[in-house]
Every structure is written in structure tokens, then in C-alpha cells.
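Student: I am attaching a structure below and will ask some questions about it afterwards.
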Amino acid sequence: MPDRTPTETTNLDRYGSETLPWDRPHDLLVAQPPQPGTSIFLSTARPDGRPHVAAVGVVWHEGDLYFTSGPGTRKSKNLAANPDCVFSAGLTGIDLILEGAATRVDDDALMHAVIAKFRDLGWPAQVEDGRVTAPYSAPSAGPPPWDLYRFRFHTAFGVATAEPFGATRWQFSMA
């Protein structure tokens, strides 16, 4: 699936700034590797409703974000019970929030395509028996093997931290 474009754009700025173009955060998300110092956080909900936040490494592939996580981690357990989640990132010149859902990937061809992008970034990951393996990963991913997750977002919020300033909500089709 190619990158998606917003189906609705809403200016949230109350100071007279123009609506921000989706290209601004999109181009920063697509750029790999992300700019130095960028942390991307995944927020999930525990079964009792309490929040959980973890930093994750992501790659952009055909309009969606992908990340890995071990089945025993809190974020994986939370996503198994409730796939709704939020990503947040402080990108160069714009803070971004993405709302959507994350699901495990079981399509072998898709897994190979996404993991190749992680390898291009320097992580020596491989797909073996429908899971991801590598000699190392972030401690928050848990021990290998890991599952690959696809995050599809339906809503994004951007607040510019550099000129041109503004605040915008973009909505997307989930089809």
C-alpha cells in the first residue's frame, strides 16, 4: 500500500497560524535514519487501564510504522489485549502524536521487506520461522525472538516548535 494522504485536515492553532502541511512530519518520519536525538515512544494501556510507555525503534514502510517487541514484554501483552495505542515523537521543528492500532505481522513477504529496512539502518536482524532475530536489540524489546508489529494510524496531531508555527490535526482512512 502506498503512503496515505489525509482525508481531513483541521487547523487547531488559535494564534492565526496557517494549517500545517502533512508533508512536514511525514517527510521526517520517512527519512531513515531519524535525525539524531529523536526518540519515538509507544503508549499502550494495561488491562486495568493504566498507561504504559516505552521507547521503540521504528521504520516507515508504505504508509505505516513498524516495530519489534518480544511476546513477554508489557507492551506486547497490552497490545494483545487492546491494539489501540499512540506513538509520540519530537521531530525536528514539530512534535507529533499518532493515534491508531498495532497488530502483529504474520505475512512472510511483508516481514522480509520491513526487516530489510531495519538492516539498512544497521541492525543485523533476520526473519526466522515467522519471528525476528538478531544478535542484539534494545533492552525494552525483551529477549529474542521478537514479533514484528504494524502500526496503522487514523489520526495525527502536529504542533510546530519552529517556524512556520501552527497546530494541526490530520485524519486518515484506515482502508
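Letters for chains follow the order of the C-alpha cells (A, B, ...), residue numbers begin at 1 for each chain, and ligand numbers begin at 1 in the order shown.
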From region 36-133 of chain A, collect each residue whose DSSP state is helix (DSSP H, G or I) and return the set as a ChimeraX atom specification.
Tutor: /A:74-81,108-120
Student: Output as JSON lines one row per residue of region 112-168 of chain A within 9 Å of region 49-73 of chain A: the closest atom pair and its distance in Å to one decimal place, counting only C-alpha atoms, sorted by chain and residue number ascending.
Tutor:
```
{"residue": "A:Ala113", "atom": "CA", "partner": "A:His61", "partner_atom": "CA", "distance": 8.5}
{"residue": "A:Val114", "atom": "CA", "partner": "A:His61", "partner_atom": "CA", "distance": 6.7}
{"residue": "A:Ile115", "atom": "CA", "partner": "A:Val59", "partner_atom": "CA", "distance": 8.9}
{"residue": "A:Lys117", "atom": "CA", "partner": "A:Val59", "partner_atom": "CA", "distance": 6.9}
{"residue": "A:Phe118", "atom": "CA", "partner": "A:Val59", "partner_atom": "CA", "distance": 6.8}
{"residue": "A:Val132", "atom": "CA", "partner": "A:Thr68", "partner_atom": "CA", "distance": 7.7}
{"residue": "A:Ala138", "atom": "CA", "partner": "A:Val56", "partner_atom": "CA", "distance": 8.0}
{"residue": "A:Ser140", "atom": "CA", "partner": "A:Ala54", "partner_atom": "CA", "distance": 7.2}
{"residue": "A:Ala141", "atom": "CA", "partner": "A:Ser69", "partner_atom": "CA", "distance": 4.6}
{"residue": "A:Gly142", "atom": "CA", "partner": "A:Gly70", "partner_atom": "CA", "distance": 5.1}
{"residue": "A:Pro143", "atom": "CA", "partner": "A:Gly70", "partner_atom": "CA", "distance": 6.3}
{"residue": "A:Pro144", "atom": "CA", "partner": "A:Gly70", "partner_atom": "CA", "distance": 6.5}
{"residue": "A:Pro145", "atom": "CA", "partner": "A:Gly70", "partner_atom": "CA", "distance": 6.6}
{"residue": "A:Trp146", "atom": "CA", "partner": "A:Gly70", "partner_atom": "CA", "distance": 4.3}
{"residue": "A:Asp147", "atom": "CA", "partner": "A:Ser69", "partner_atom": "CA", "distance": 5.5}
{"residue": "A:Leu148", "atom": "CA", "partner": "A:Thr68", "partner_atom": "CA", "distance": 4.5}
{"residue": "A:Tyr149", "atom": "CA", "partner": "A:Phe67", "partner_atom": "CA", "distance": 5.4}
{"residue": "A:Arg150", "atom": "CA", "partner": "A:Tyr66", "partner_atom": "CA", "distance": 4.7}
{"residue": "A:Phe151", "atom": "CA", "partner": "A:Leu65", "partner_atom": "CA", "distance": 5.1}
{"residue": "A:Arg152", "atom": "CA", "partner": "A:Asp64", "partner_atom": "CA", "distance": 5.4}
{"residue": "A:Phe153", "atom": "CA", "partner": "A:Asp64", "partner_atom": "CA", "distance": 7.4}
```
Student: Excluding region 120-127 of chain A and its own-chain neighbours fewer than 5 positions away, which residues fall within 9 Å of it when counting only C-alpha atoms? Please give them as an mmCIF file with C-alpha atoms, in the first residue's frame.
Tutor:
```
data_model
loop_
_atom_site.group_PDB
_atom_site.id
_atom_site.type_symbol
_atom_site.label_atom_id
_atom_site.label_comp_id
_atom_site.auth_asym_id
_atom_site.auth_seq_id
_atom_site.Cartn_x
_atom_site.Cartn_y
_atom_site.Cartn_z
ATOM 1 C CA GLN A 32 15.823 6.933 7.686
ATOM 2 C CA PRO A 33 17.588 7.018 9.967
ATOM 3 C CA ASP A 108 6.280 -13.503 5.412
ATOM 4 C CA MET A 111 8.180 -9.212 7.273
ATOM 5 C CA HIS A 112 11.177 -9.646 4.964
ATOM 6 C CA ILE A 115 13.263 -6.220 8.280
ATOM 7 C CA VAL A 132 12.662 -11.621 14.135
ATOM 8 C CA THR A 133 16.102 -12.498 15.469
ATOM 9 C CA ALA A 134 19.343 -10.564 15.810
ATOM 10 C CA PRO A 135 22.453 -10.688 17.984
ATOM 11 C CA TYR A 136 21.145 -7.682 19.949
ATOM 12 C CA SER A 137 18.246 -5.255 20.324
#
```
Student: Have a look at A:Gly100, A:Pro6, A:Gly93, A:Pro47 and name the one nearest to Lys77 (chain A); count only C-alpha atoms.
Tutor: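 Looking at the shortest contact to Lys77 (chain A), the residue is A:Pro47.
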Student: Tell me, which residues of chain A carry DSSP strand (DSSP E), written as a PyMOL selection string?
Tutor: chain A and resi 8-11+40-45+51-55+59-61+64-69+84-91+94-104+126-128+131-133+147-160+167-171
Student: Find the residues around Thr92 (chain A) up to 12 Å (only C-alpha atoms counted), leave out those fewer than 3 positions away in its own chain, and share them as a PyMOL selection string.
Tutor: chain A and resi 24-29+31+34-39+89+95-96+158-163
